[in-house]
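input.txt (compact mmCIF, C-alpha atoms and all ligand atoms) appears below.
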# COMPACT_ATOMS: atom_id res chain seq x y z
CA MET A 1 105.70 69.22 117.99
CA GLN A 2 106.92 68.52 121.54
CA MET A 3 109.47 71.15 122.57
CA ARG A 4 112.44 70.29 124.75
CA ILE A 5 111.84 73.59 126.55
CA PRO A 6 108.14 74.36 126.11
CA LEU A 7 106.65 77.82 125.74
CA SER A 8 104.40 77.20 128.70
CA SER A 9 103.94 74.42 131.21
CA PRO A 10 101.35 74.03 133.97
CA ASP A 11 102.54 73.71 137.56
CA VAL A 12 100.19 71.31 139.33
CA SER A 13 101.31 70.09 142.74
CA GLU A 14 100.36 66.99 144.76
CA PRO A 15 97.88 68.77 147.10
CA GLU A 16 96.13 70.08 144.00
CA ILE A 17 95.79 66.62 142.52
CA GLU A 18 94.50 65.33 145.86
CA ALA A 19 91.93 68.12 146.07
CA VAL A 20 90.60 67.21 142.62
CA VAL A 21 90.52 63.52 143.46
CA SER A 22 88.63 64.18 146.67
CA VAL A 23 85.90 65.99 144.72
CA LEU A 24 85.74 62.96 142.42
CA ARG A 25 85.34 60.66 145.44
CA GLY A 26 82.41 62.72 146.68
CA ARG A 27 78.98 63.13 145.20
CA THR A 28 78.97 66.77 144.16
CA LEU A 29 80.87 67.21 140.94
CA SER A 30 79.24 70.51 140.04
CA GLN A 31 77.12 73.28 141.60
CA GLY A 32 78.67 72.41 144.95
CA PRO A 33 80.79 73.92 147.72
CA LYS A 34 84.10 74.16 145.84
CA ILE A 35 82.65 76.79 143.51
CA VAL A 36 81.54 78.91 146.45
CA GLU A 37 84.91 78.48 148.15
CA PHE A 38 86.82 79.41 145.00
CA GLU A 39 84.67 82.48 144.43
CA LYS A 40 85.18 83.65 148.01
CA MET A 41 88.95 83.22 147.70
CA ILE A 42 89.08 85.16 144.46
CA SER A 43 87.05 88.10 145.75
CA ASP A 44 89.15 88.18 148.95
CA PHE A 45 92.37 88.11 146.96
CA VAL A 46 91.30 90.77 144.45
CA GLY A 47 89.54 92.93 147.03
CA THR A 48 86.09 93.04 145.47
CA GLN A 49 82.75 92.30 147.08
CA PHE A 50 81.84 89.53 144.68
CA ALA A 51 83.33 86.93 142.37
CA VAL A 52 81.40 84.67 140.01
CA ALA A 53 83.23 81.69 138.54
CA VAL A 54 82.49 80.60 134.97
CA ASN A 55 83.74 77.99 132.52
CA THR A 56 86.22 80.21 130.60
CA GLY A 57 87.62 83.72 130.63
CA THR A 58 85.85 84.39 127.36
CA SER A 59 82.49 83.49 128.93
CA GLY A 60 83.25 85.93 131.74
CA LEU A 61 83.97 88.73 129.29
CA HIS A 62 80.85 87.90 127.32
CA LEU A 63 78.64 88.05 130.41
CA CYS A 64 80.12 91.41 131.42
CA ILE A 65 79.35 92.82 127.99
CA ARG A 66 75.89 91.30 128.17
CA ALA A 67 75.32 92.86 131.59
CA LEU A 68 75.86 96.30 130.02
CA ASN A 69 72.65 95.83 127.97
CA LEU A 70 74.21 97.09 124.76
CA LYS A 71 72.11 97.65 121.65
CA SER A 72 73.08 96.68 118.14
CA GLY A 73 75.65 99.17 116.87
CA ASP A 74 76.78 100.33 120.30
CA GLU A 75 80.53 100.72 120.47
CA VAL A 76 83.09 99.44 122.93
CA ILE A 77 86.65 100.71 122.77
CA THR A 78 89.45 98.19 123.18
CA SER A 79 93.00 97.30 122.10
CA PRO A 80 93.86 95.57 118.82
CA PHE A 81 96.89 94.04 120.59
CA SER A 82 95.14 91.34 122.60
CA PHE A 83 93.74 87.86 122.43
CA ILE A 84 90.82 87.78 120.01
CA ALA A 85 88.30 87.06 122.77
CA SER A 86 88.56 90.65 124.04
CA ALA A 87 86.86 91.88 120.87
CA ASN A 88 84.81 88.81 119.89
CA VAL A 89 82.58 89.23 122.92
CA MET A 90 81.31 92.53 121.49
CA LEU A 91 80.36 90.74 118.27
CA TYR A 92 78.36 88.17 120.27
CA GLU A 93 76.12 91.07 121.32
CA ARG A 94 76.06 92.76 117.90
CA ALA A 95 78.04 95.64 119.35
CA SER A 96 81.10 97.01 117.55
CA PRO A 97 84.61 96.82 118.90
CA VAL A 98 86.42 100.08 118.20
CA PHE A 99 90.18 99.76 118.34
CA VAL A 100 92.62 102.28 119.73
CA ASP A 101 96.33 101.83 119.08
CA ILE A 102 98.78 100.92 121.82
CA ASP A 103 101.69 102.48 123.65
CA PRO A 104 104.83 100.93 122.11
CA VAL A 105 106.56 100.64 125.49
CA THR A 106 103.84 99.27 127.78
CA LEU A 107 101.96 97.49 124.95
CA ASN A 108 98.72 98.56 126.64
CA ILE A 109 96.09 100.80 125.05
CA ASP A 110 97.41 104.36 124.61
CA PRO A 111 95.17 106.54 126.80
CA ALA A 112 96.11 109.66 124.80
CA LYS A 113 94.34 108.16 121.78
CA ILE A 114 91.12 107.07 123.44
CA GLU A 115 89.14 110.31 123.29
CA ALA A 116 89.52 110.63 119.52
CA ALA A 117 87.75 107.26 119.18
CA ILE A 118 84.75 108.15 121.34
CA THR A 119 81.49 108.76 119.45
CA ASP A 120 77.90 109.18 120.59
CA ARG A 121 77.54 105.38 120.30
CA THR A 122 80.42 104.58 122.64
CA ARG A 123 79.17 102.83 125.75
CA ALA A 124 82.16 101.22 127.39
CA LEU A 125 85.90 100.63 127.48
CA MET A 126 87.26 97.07 127.53
CA ILE A 127 90.69 97.55 129.07
CA VAL A 128 93.18 94.72 128.67
CA HIS A 129 96.14 94.49 131.06
CA VAL A 130 98.44 93.08 128.42
CA PHE A 131 100.91 90.41 129.55
CA GLY A 132 100.04 91.25 133.18
CA ARG A 133 101.25 94.87 133.10
CA PRO A 134 98.53 97.13 134.49
CA ALA A 135 97.03 99.61 132.02
CA PRO A 136 97.09 103.29 133.11
CA MET A 137 93.81 103.12 135.01
CA ASP A 138 93.86 106.65 136.49
CA GLU A 139 93.89 108.27 133.07
CA ILE A 140 91.42 105.76 131.68
CA LYS A 141 89.04 106.26 134.59
CA SER A 142 88.99 110.00 134.19
CA ILE A 143 88.17 109.63 130.48
CA ALA A 144 85.40 107.17 131.33
CA LEU A 145 84.00 109.52 133.95
CA LYS A 146 84.06 112.50 131.64
CA HIS A 147 82.17 110.65 128.89
CA GLY A 148 79.90 108.49 131.04
CA LEU A 149 81.44 105.19 129.93
CA LYS A 150 81.63 101.89 131.79
CA ILE A 151 84.94 100.11 132.23
CA ILE A 152 85.29 96.34 131.90
CA GLU A 153 88.77 95.06 132.68
CA ASP A 154 90.07 92.12 130.72
CA ALA A 155 92.43 91.02 133.48
CA CYS A 156 92.71 87.51 132.01
CA GLU A 157 96.50 87.86 131.90
CA ALA A 158 96.83 89.87 135.09
CA LEU A 159 95.78 87.97 138.21
CA GLY A 160 97.78 89.57 141.03
CA ALA A 161 98.86 92.68 139.13
CA GLU A 162 98.52 95.88 141.15
CA THR A 163 98.38 99.56 140.45
CA ARG A 164 98.19 102.28 143.09
CA GLY A 165 97.13 99.88 145.79
CA ARG A 166 94.40 98.20 143.76
CA MET A 167 94.37 94.86 142.04
CA ALA A 168 93.89 94.67 138.29
CA GLY A 169 90.30 93.59 137.73
CA SER A 170 88.92 95.47 140.74
CA ILE A 171 89.02 98.97 139.27
CA GLY A 172 86.30 99.07 136.61
CA GLU A 173 82.62 98.11 136.82
CA ALA A 174 83.73 94.51 136.48
CA GLY A 175 86.90 92.57 135.77
CA VAL A 176 87.55 89.13 134.36
CA PHE A 177 90.25 86.51 135.00
CA ALA A 178 91.01 83.37 133.02
CA PHE A 179 92.40 80.07 134.24
CA TYR A 180 93.49 78.29 131.09
CA PRO A 181 96.70 76.24 131.74
CA ASN A 182 99.08 78.97 130.53
CA LYS A 183 97.69 81.59 132.96
CA GLN A 184 99.11 82.45 136.38
CA ILE A 185 96.77 79.92 138.01
CA THR A 186 94.79 77.25 136.25
CA THR A 187 91.56 75.33 136.68
CA GLY A 188 92.11 73.44 133.41
CA GLU A 189 89.54 75.71 131.78
CA GLY A 190 87.87 78.43 133.76
CA GLY A 191 87.30 82.08 134.45
CA ALA A 192 85.88 84.49 137.00
CA ILE A 193 84.11 87.82 137.00
CA VAL A 194 84.81 90.17 139.90
CA THR A 195 82.72 93.21 140.76
CA ASP A 196 81.47 95.39 143.59
CA SER A 197 78.08 95.74 141.92
CA GLU A 198 75.31 93.56 143.25
CA ASP A 199 73.36 94.11 140.03
CA ILE A 200 76.18 92.82 137.86
CA ARG A 201 76.74 89.87 140.19
CA ASP A 202 73.06 88.87 140.12
CA ARG A 203 72.87 89.28 136.38
CA VAL A 204 75.95 87.19 135.55
CA ILE A 205 74.87 84.44 137.97
CA GLN A 206 71.56 84.30 136.11
CA LEU A 207 73.18 84.39 132.68
CA ARG A 208 75.72 81.67 133.40
CA ASN A 209 72.88 79.27 134.19
CA HIS A 210 70.50 79.54 131.21
CA GLY A 211 69.02 82.85 132.34
CA ARG A 212 67.41 81.16 135.31
CA ASP A 213 66.39 83.48 138.13
CA PRO A 214 68.58 82.36 141.05
CA ARG A 215 65.92 83.42 143.56
CA SER A 216 63.25 81.28 142.01
CA GLU A 217 62.65 77.80 143.44
CA TRP A 218 61.45 76.59 140.07
CA PHE A 219 63.00 76.55 136.63
CA GLU A 220 62.10 80.12 135.82
CA HIS A 221 64.08 81.30 132.85
CA VAL A 222 63.62 85.03 132.69
CA GLU A 223 66.02 85.79 129.84
CA LEU A 224 68.17 84.08 127.24
CA GLY A 225 71.19 82.71 129.09
CA TYR A 226 73.93 80.18 128.56
CA ASN A 227 75.52 77.23 130.21
CA TYR A 228 78.74 78.92 131.31
CA ARG A 229 78.93 77.01 134.60
CA ILE A 230 82.21 75.64 135.91
CA SER A 231 82.46 72.35 137.81
CA ASP A 232 83.60 71.69 141.37
CA ILE A 233 86.39 69.56 139.89
CA ASN A 234 87.87 72.62 138.19
CA CYS A 235 87.28 74.84 141.21
CA ALA A 236 89.01 72.40 143.58
CA LEU A 237 92.14 72.84 141.49
CA GLY A 238 91.64 76.60 141.49
CA VAL A 239 91.30 76.78 145.28
CA GLU A 240 94.62 74.99 145.82
CA GLN A 241 96.39 77.00 143.13
CA LEU A 242 95.16 80.26 144.58
CA ARG A 243 96.43 79.23 148.03
CA ARG A 244 99.96 79.55 146.69
CA ILE A 245 99.44 82.58 144.45
CA ASP A 246 102.17 84.53 146.28
CA GLU A 247 104.67 81.78 145.61
CA ILE A 248 103.58 81.59 141.96
CA LEU A 249 103.87 85.34 141.37
CA THR A 250 107.32 85.38 143.00
CA LEU A 251 108.53 82.45 140.91
CA ARG A 252 107.36 84.17 137.75
CA GLU A 253 108.94 87.46 138.75
CA GLY A 254 112.17 85.54 139.32
CA VAL A 255 112.07 83.99 135.86
CA ALA A 256 111.45 87.40 134.27
CA THR A 257 114.26 89.02 136.27
CA ARG A 258 116.70 86.31 135.21
CA TYR A 259 115.79 86.75 131.53
CA GLY A 260 116.35 90.49 131.96
CA GLU A 261 119.83 89.89 133.36
CA MET A 262 120.80 87.23 130.84
CA LEU A 263 119.69 89.26 127.80
CA ARG A 264 120.72 92.70 129.04
CA ASP A 265 123.70 92.99 126.70
CA ASN A 266 121.92 91.80 123.57
CA SER A 267 121.68 94.93 121.43
CA ASP A 268 119.31 93.29 118.90
CA LEU A 269 116.54 93.00 121.51
CA ILE A 270 114.19 95.32 123.38
CA LEU A 271 113.34 93.73 126.72
CA PRO A 272 110.17 94.31 128.73
CA ASN A 273 110.66 96.86 131.47
CA MET A 274 110.88 95.06 134.83
CA GLU A 275 109.73 98.15 136.69
CA PHE A 276 106.17 99.28 137.13
CA GLU A 277 105.86 102.48 139.05
CA GLY A 278 103.30 102.45 141.84
CA GLY A 279 102.39 98.80 141.55
CA ARG A 280 103.29 95.30 140.49
CA ILE A 281 103.39 93.41 137.21
CA SER A 282 101.97 89.89 137.34
CA TRP A 283 104.20 88.18 134.79
CA PHE A 284 102.08 86.26 132.29
CA VAL A 285 104.60 85.80 129.49
CA TYR A 286 108.06 87.11 128.69
CA VAL A 287 107.95 88.82 125.30
CA VAL A 288 111.01 90.43 123.74
CA LEU A 289 110.92 92.66 120.69
CA LEU A 290 113.48 92.59 117.93
CA LYS A 291 114.94 96.07 117.29
CA ALA A 292 113.04 98.32 114.87
CA ASP A 293 115.17 97.47 111.82
CA PHE A 294 114.09 93.81 111.84
CA ARG A 295 111.29 92.73 109.53
CA ARG A 296 108.49 90.28 110.19
CA ALA A 297 110.05 87.62 107.94
CA GLN A 298 113.21 87.73 110.04
CA ARG A 299 111.23 87.38 113.24
CA ASP A 300 109.32 84.42 111.80
CA TRP A 301 112.61 82.84 110.78
CA VAL A 302 113.99 83.27 114.32
CA ILE A 303 110.95 81.51 115.75
CA GLU A 304 111.21 78.66 113.23
CA GLN A 305 114.91 78.17 113.99
CA LEU A 306 114.36 78.16 117.74
CA LYS A 307 111.51 75.68 117.43
CA ALA A 308 113.71 73.44 115.29
CA GLU A 309 116.20 73.51 118.16
CA GLY A 310 113.47 72.45 120.61
CA ILE A 311 112.79 75.87 122.13
CA GLY A 312 109.08 76.64 122.39
CA CYS A 313 108.41 80.23 121.40
CA GLY A 314 105.62 82.14 119.75
CA ARG A 315 104.48 85.30 117.97
CA TYR A 316 102.08 86.61 120.55
CA PHE A 317 99.57 88.44 119.33
CA ALA A 318 98.55 88.83 115.72
CA PRO A 319 96.61 92.12 115.84
CA ILE A 320 92.89 91.48 116.11
CA HIS A 321 91.92 93.93 113.35
CA LEU A 322 94.02 91.98 110.83
CA GLN A 323 92.41 88.64 111.61
CA PRO A 324 90.51 87.43 108.52
CA LEU A 325 87.15 87.73 110.34
CA TYR A 326 87.75 91.37 111.26
CA LYS A 327 89.11 92.31 107.86
CA ARG A 328 85.99 90.82 106.29
CA LEU A 329 83.51 92.37 108.73
CA PHE A 330 85.03 95.82 109.08
CA GLY A 331 87.35 96.22 106.11
CA TYR A 332 90.47 96.79 108.17
CA ILE A 333 93.75 96.94 106.29
CA GLU A 334 97.40 96.95 107.23
CA GLY A 335 98.43 100.32 108.57
CA ASP A 336 95.18 100.99 110.46
CA PHE A 337 96.86 100.54 113.86
CA PRO A 338 100.53 100.87 112.99
CA ILE A 339 102.04 100.57 116.44
CA ALA A 340 100.18 97.38 117.31
CA GLU A 341 101.14 95.96 113.90
CA ASP A 342 104.78 96.92 114.23
CA VAL A 343 105.08 95.45 117.72
CA ALA A 344 103.26 92.30 116.63
CA ASP A 345 105.73 91.87 113.75
CA ARG A 346 108.78 92.00 116.02
CA ALA A 347 107.53 90.15 119.12
CA ILE A 348 108.90 86.83 120.31
CA ALA A 349 107.45 85.12 123.38
CA LEU A 350 110.09 83.03 125.13
CA PRO A 351 109.49 79.91 127.22
CA PHE A 352 107.92 81.14 130.44
CA PHE A 353 106.47 79.16 133.36
CA ASN A 354 106.85 78.83 137.13
CA ARG A 355 109.39 76.02 137.09
CA LEU A 356 111.60 77.16 134.24
CA THR A 357 115.14 76.56 135.52
CA GLU A 358 118.13 78.83 135.29
CA THR A 359 119.92 76.25 133.14
CA GLN A 360 116.99 76.16 130.72
CA GLN A 361 116.95 79.94 130.59
CA TRP A 362 120.67 80.05 129.78
CA GLU A 363 120.05 77.69 126.92
CA VAL A 364 117.11 79.73 125.62
CA CYS A 365 119.15 82.93 125.79
CA SER A 366 122.28 81.60 124.12
CA ARG A 367 120.30 80.01 121.28
CA LEU A 368 118.19 83.15 120.89
CA THR A 369 121.25 85.39 120.74
CA ASN A 370 122.87 83.18 118.15
CA VAL A 371 119.77 82.82 115.96
CA VAL A 372 118.94 86.54 116.07
CA ARG A 373 122.48 87.41 114.98
CA ARG A 374 122.20 84.98 112.06
CA ALA A 375 118.78 86.37 111.12
CA ARG A 376 120.44 89.56 109.83
CA THR A 377 122.21 87.67 107.08
CA GLU A 378 120.43 84.34 106.65
CA ALA A 379 116.70 85.11 106.88
CA ALA A 380 114.69 85.89 103.78
C1 LIG A 401 93.31 84.09 128.08
C2 LIG A 401 92.66 85.34 127.70
C3 LIG A 401 91.27 85.47 127.60
C4 LIG A 401 90.26 84.37 127.84
O1 LIG A 401 90.69 83.13 127.69
P1 LIG A 401 89.88 81.76 127.80
O2 LIG A 401 90.71 80.87 126.97
O3 LIG A 401 88.52 81.96 127.27
O4 LIG A 401 89.85 81.38 129.24
C5 LIG A 401 90.75 86.71 127.29
N1 LIG A 401 91.53 87.77 127.08
C6 LIG A 401 92.88 87.69 127.16
C7 LIG A 401 93.68 88.93 126.96
C8 LIG A 401 93.49 86.47 127.45
O5 LIG A 401 94.82 86.40 127.50
If you convert what's in this file into structure tokens, what do you get?
Ligand SMILES: *Cc1c(COP(=O)(O)O)cnc(C)c1O
Amino acid sequence: MQMRIPLSSPDVSEPEIEAVVSVLRGRTLSQGPKIVEFEKMISDFVGTQFAVAVNTGTSGLHLCIRALNLKSGDEVITSPFSFIASANVMLYERASPVFVDIDPVTLNIDPAKIEAAITDRTRALMIVHVFGRPAPMDEIKSIALKHGLKIIEDACEALGAETRGRMAGSIGEAGVFAFYPNKQITTGEGGAIVTDSEDIRDRVIQLRNHGRDPRSEWFEHVELGYNYRISDINCALGVEQLRRIDEILTLREGVATRYGEMLRDNSDLILPNMEFEGGRISWFVYVVLLKADFRRAQRDWVIEQLKAEGIGCGRYFAPIHLQPLYKRLFGYIEGDFPIAEDVADRAIALPFFNRLTETQQWEVCSRLTNVVRRARTEAA
């Protein structure tokens, strides 16, 4: 259903279209200079030595997990309140995702609960910066150091987020960004791995191209790899988008700030905190929570009503451990990660994109306020 005010909308400008067209007019549609240029821009922006572009964020996460050389049954700790790809990539390698519940305010993994989940099979932490708010990396790093664990950052929602002078994605062994159209910048489909480790860089370059040794002149496939390559067409779009990342982040911050002001007096809602001490949030989505006394059925009703009025909104995220696949594989049940479940039941993602206008936001907020008030009496 086409929404009058969509949940998300890409922001592709004329120079970006021209850059894509000029790749199409040339002869190198893939494996060419735009990939190299895009990678250089990403590593410069994030402040890492290397960036390796791939075809999706999920591929990037998979290659990072693969580069850790996990064995069957090895465990990787992550958050149940994320996009399913954060945990699926462990399953690709026959490793086990081990979930740790979240902090109800930041919605990121709760560092105080990590140590209790560490076993002698734990190898790594997959840290998601949920909705672009940096996870508490100082605490997480000291836990990782103490237990000899690697950190992979799922920064797919957090391009441009900063904490204590470092960019999200640049803090662990490797970090991953995604460029699907609802992300801060888009390449249509795409992703990138950033790292300071030459070993990880070499390995993921090899893995993204069928396991072919990049130093070999011939087709020497030294391990089982994939085709996770991205084209120059996609990267040309990425280069131009990244050129105006500052503008994009500022626009998104502006949209979030306006929502905060417009909804400030609504006592049925818990709004995301605009502040992030010692750093910067890179706004990916704007998710409000209904107050604790609302039930999931009421939240679902609110979303249905808003959609019927042409306002694109969504649930954002169903906890990973309660997805049918995870219930079947691991026997998870409701109540296993109560905070993630509770937050997931009361979350509503509002329309959020660079060019969302103030008028549109007023409409979203007045309809939301009205529908939420009615939900108390009218919803099942
Ligand atoms: C978008 C996203 C990904 C990867 O997305 P792709 O669609 O594969 O590019 C991974 N993790 C999180 C948290 C995401 O939001």
For Leu7 of chain A, work out the shell of residues within 6 Å, counting all atoms listed in the file and skipping chain neighbours fewer than 5 positions away, then give it as a list in words.
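Non-adjacent residues within range: Gly312, Cys313, Pro351 and Phe352 of chain A.
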Might you pull out every residue within 12 Å of Ala116 of chain A, with only C-alpha atoms counted and same-chain residues fewer than 4 positions away left off, and present them as number ranges by chain?
A: 77, 98-101, 110-112, 120, 122, 143, 147
Go ahead and fit an axis-aligned box to every listed atom of ligand LIG 401 (chain A) plus 5 Å each side, and pass me the centre and edge lengths in Å, one decimal, as AutoDock Vina command-line options.
--center_x 91.7 --center_y 84.9 --center_z 128.1 --size_x 16.3 --size_y 18.1 --size_z 12.3
note - atom CA of Leu322 of chain A and atom CA of Asn88 of chain A are separated by 13.3 Å
Of the listed residues A:Gly47, A:Gly60, A:Pro33, A:Gly148, that which approaches Asn227 of chain A most closely, counting all atoms listed in the file
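Answer, going by the shortest atom-to-atom distance: A:Gly60.
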Taking 3 positions as the minimum chain separation for residues in the same chain, which residues sit within 10 Å of Gly225 of chain A when counting all atoms listed in the file? Answer as a list of chain:residue names.
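Residues meeting the cut-off are A:Leu63, A:Arg66, A:Arg203, A:Val204, A:Ile205, A:Gln206, A:Leu207, A:Arg208, A:Asn209, A:His210, A:Gly211, A:Arg212, A:His221, A:Val222, A:Tyr228.
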Point-to-point distance from atom CA of Ile248 of chain A to atom CA of Thr186 of chain A, Å rounded to tenths
11.3 Å
May I ask you to write as JSON, numbers by chain all residues lying at most 9 Å from ligand LIG 401 (chain A), with all atoms listed in the file counted?
{"A": [55, 56, 57, 58, 59, 60, 61, 81, 82, 83, 84, 85, 86, 87, 128, 129, 130, 131, 154, 155, 156, 157, 158, 176, 177, 178, 179, 180, 181, 182, 183, 189, 190, 191, 284]}
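Within 9 Å of Arg166 of chain A, once all atoms listed in the file are used and residues closer than 4 positions along the same chain are dropped, the contacting residues are A:Val46, A:Gly47, A:Ala161, A:Glu162, A:Ser170, A:Ile171, A:Gly279.
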Which residues come within 9 Å of Gln298 of chain A, counting all atoms listed in the file, excluding same-chain residues fewer than 6 positions away, as a list in words?
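Here the answer would be Arg346, Val372, Ala375, Arg376, Glu378, Ala379 and Ala380 of chain A.
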For a test of reading the model, state the distance in Å between atom CA of Ala144 of chain A and atom CA of Val52 of chain A, rounded to one decimal.
24.4 Å
Tell me, counting all atoms listed in the file, for each residue of segment 201-282 of chain A within 10 Å of segment 103-108 of chain A, which pair of atoms is nearest and how far apart they are in Å to one decimal, in rows ordered by chain and increasing number, as a tab-separated table.
residue	atom	partner	partner_atom	distance
A:Ile270	CA	A:Val105	CA	9.5
A:Leu271	CA	A:Val105	CA	9.8
A:Pro272	CA	A:Val105	CA	8.0
A:Asn273	CA	A:Thr106	CA	8.1
A:Phe276	CA	A:Thr106	CA	9.6
Hey, can you pull every residue with an atom no more than 12 Å from (88.7, 110.4, 130.4), using all atoms listed in the file, and send it as an NGL selection string?
:A and (111-118 or 124-125 or 136-151)
In terms of only C-alpha atoms, the residue from A:Lys291, A:Arg201, A:Arg243, A:Arg258 at minimal distance from Arg373 of chain A is A:Lys291
Using all atoms listed in the file, which residues of segment 154-253 of chain A come within 8 Å of segment 11-22 of chain A, and what is the closest atom pair for each, with the distance in Å to one decimal? Give it as CSV, sorted by chain and residue number.
residue,atom,partner,partner_atom,distance
A:Ile233,CA,A:Val20,CA,5.5
A:Asn234,CA,A:Val20,CA,7.5
A:Ala236,CA,A:Val20,CA,5.5
A:Leu237,CA,A:Glu16,CA,5.5
A:Glu240,CA,A:Glu16,CA,5.4
A:Gln241,CA,A:Glu16,CA,7.0
Filtering to C-alpha atoms, could you give me those residues as a PDB file, in the frame of the given file?
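In the end it all went to result.pdb:
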ATOM      1  CA  ILE A 233      86.390  69.560 139.890  1.00  0.00           C
ATOM      2  CA  ASN A 234      87.870  72.620 138.190  1.00  0.00           C
ATOM      3  CA  ALA A 236      89.010  72.400 143.580  1.00  0.00           C
ATOM      4  CA  LEU A 237      92.140  72.840 141.490  1.00  0.00           C
ATOM      5  CA  GLU A 240      94.620  74.990 145.820  1.00  0.00           C
ATOM      6  CA  GLN A 241      96.390  77.000 143.130  1.00  0.00           C
TER       7      GLN A 241
END
From the set A:Gly172, A:Pro6, A:Gly188, A:Gly73, which residue has the shortest atom-to-atom contact distance to Leu91 of chain A, counting only C-alpha atoms?
A:Gly73
Give me, as CSV, each residue of segment 228-328 of chain A that comes within 10 Å of segment 337-342 of chain A, together with its shortest interatomic pair and the distance in Å at one decimal, counting only C-alpha atoms, with rows ordered by chain and rising residue number.
residue,atom,partner,partner_atom,distance
A:Leu289,CA,A:Asp342,CA,9.9
A:Ala292,CA,A:Asp342,CA,8.4
A:Arg295,CA,A:Asp342,CA,9.1
A:Arg296,CA,A:Asp342,CA,8.6
A:Phe317,CA,A:Ala340,CA,9.2
A:Ala318,CA,A:Glu341,CA,7.8
A:Pro319,CA,A:Glu341,CA,6.2
A:Ile320,CA,A:Ala340,CA,9.5
A:His321,CA,A:Phe337,CA,8.3
A:Leu322,CA,A:Glu341,CA,8.7
Take the residues just selected and output them with C-alpha atoms as a PDB file, in the frame of the given file.
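As a result, selection_28.pdb now contains:
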ATOM      1  CA  LEU A 289     110.920  92.660 120.690  1.00  0.00           C
ATOM      2  CA  ALA A 292     113.040  98.320 114.870  1.00  0.00           C
ATOM      3  CA  ARG A 295     111.290  92.730 109.530  1.00  0.00           C
ATOM      4  CA  ARG A 296     108.490  90.280 110.190  1.00  0.00           C
ATOM      5  CA  PHE A 317      99.570  88.440 119.330  1.00  0.00           C
ATOM      6  CA  ALA A 318      98.550  88.830 115.720  1.00  0.00           C
ATOM      7  CA  PRO A 319      96.610  92.120 115.840  1.00  0.00           C
ATOM      8  CA  ILE A 320      92.890  91.480 116.110  1.00  0.00           C
ATOM      9  CA  HIS A 321      91.920  93.930 113.350  1.00  0.00           C
ATOM     10  CA  LEU A 322      94.020  91.980 110.830  1.00  0.00           C
TER      11      LEU A 322
END
List as a list in words the residues having at least one atom at most 8 Å from position (87.8, 95.3, 138.9) as given in the file, counting all atoms listed in the file.
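Residues close enough to count: Val46, Thr48, Ile152, Glu153, Met167, Ala168, Gly169, Ser170, Ile171, Gly172, Glu173, Ala174, Gly175, Val176, Val194, Thr195 and Asp196 of chain A.
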Would you save the residues from that selection as a PDB file, in the coordinates of the input, using C-alpha atoms?
ATOM      1  CA  VAL A  46      91.300  90.770 144.450  1.00  0.00           C
ATOM      2  CA  THR A  48      86.090  93.040 145.470  1.00  0.00           C
ATOM      3  CA  ILE A 152      85.290  96.340 131.900  1.00  0.00           C
ATOM      4  CA  GLU A 153      88.770  95.060 132.680  1.00  0.00           C
ATOM      5  CA  MET A 167      94.370  94.860 142.040  1.00  0.00           C
ATOM      6  CA  ALA A 168      93.890  94.670 138.290  1.00  0.00           C
ATOM      7  CA  GLY A 169      90.300  93.590 137.730  1.00  0.00           C
ATOM      8  CA  SER A 170      88.920  95.470 140.740  1.00  0.00           C
ATOM      9  CA  ILE A 171      89.020  98.970 139.270  1.00  0.00           C
ATOM     10  CA  GLY A 172      86.300  99.070 136.610  1.00  0.00           C
ATOM     11  CA  GLU A 173      82.620  98.110 136.820  1.00  0.00           C
ATOM     12  CA  ALA A 174      83.730  94.510 136.480  1.00  0.00           C
ATOM     13  CA  GLY A 175      86.900  92.570 135.770  1.00  0.00           C
ATOM     14  CA  VAL A 176      87.550  89.130 134.360  1.00  0.00           C
ATOM     15  CA  VAL A 194      84.810  90.170 139.900  1.00  0.00           C
ATOM     16  CA  THR A 195      82.720  93.210 140.760  1.00  0.00           C
ATOM     17  CA  ASP A 196      81.470  95.390 143.590  1.00  0.00           C
TER      18      ASP A 196
END
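When all atoms listed in the file are used to measure the gap to Arg367 of chain A, the shortest distance among A:Gln323, A:Thr78, A:Gln305, A:Ser8 belongs to A:Gln305.
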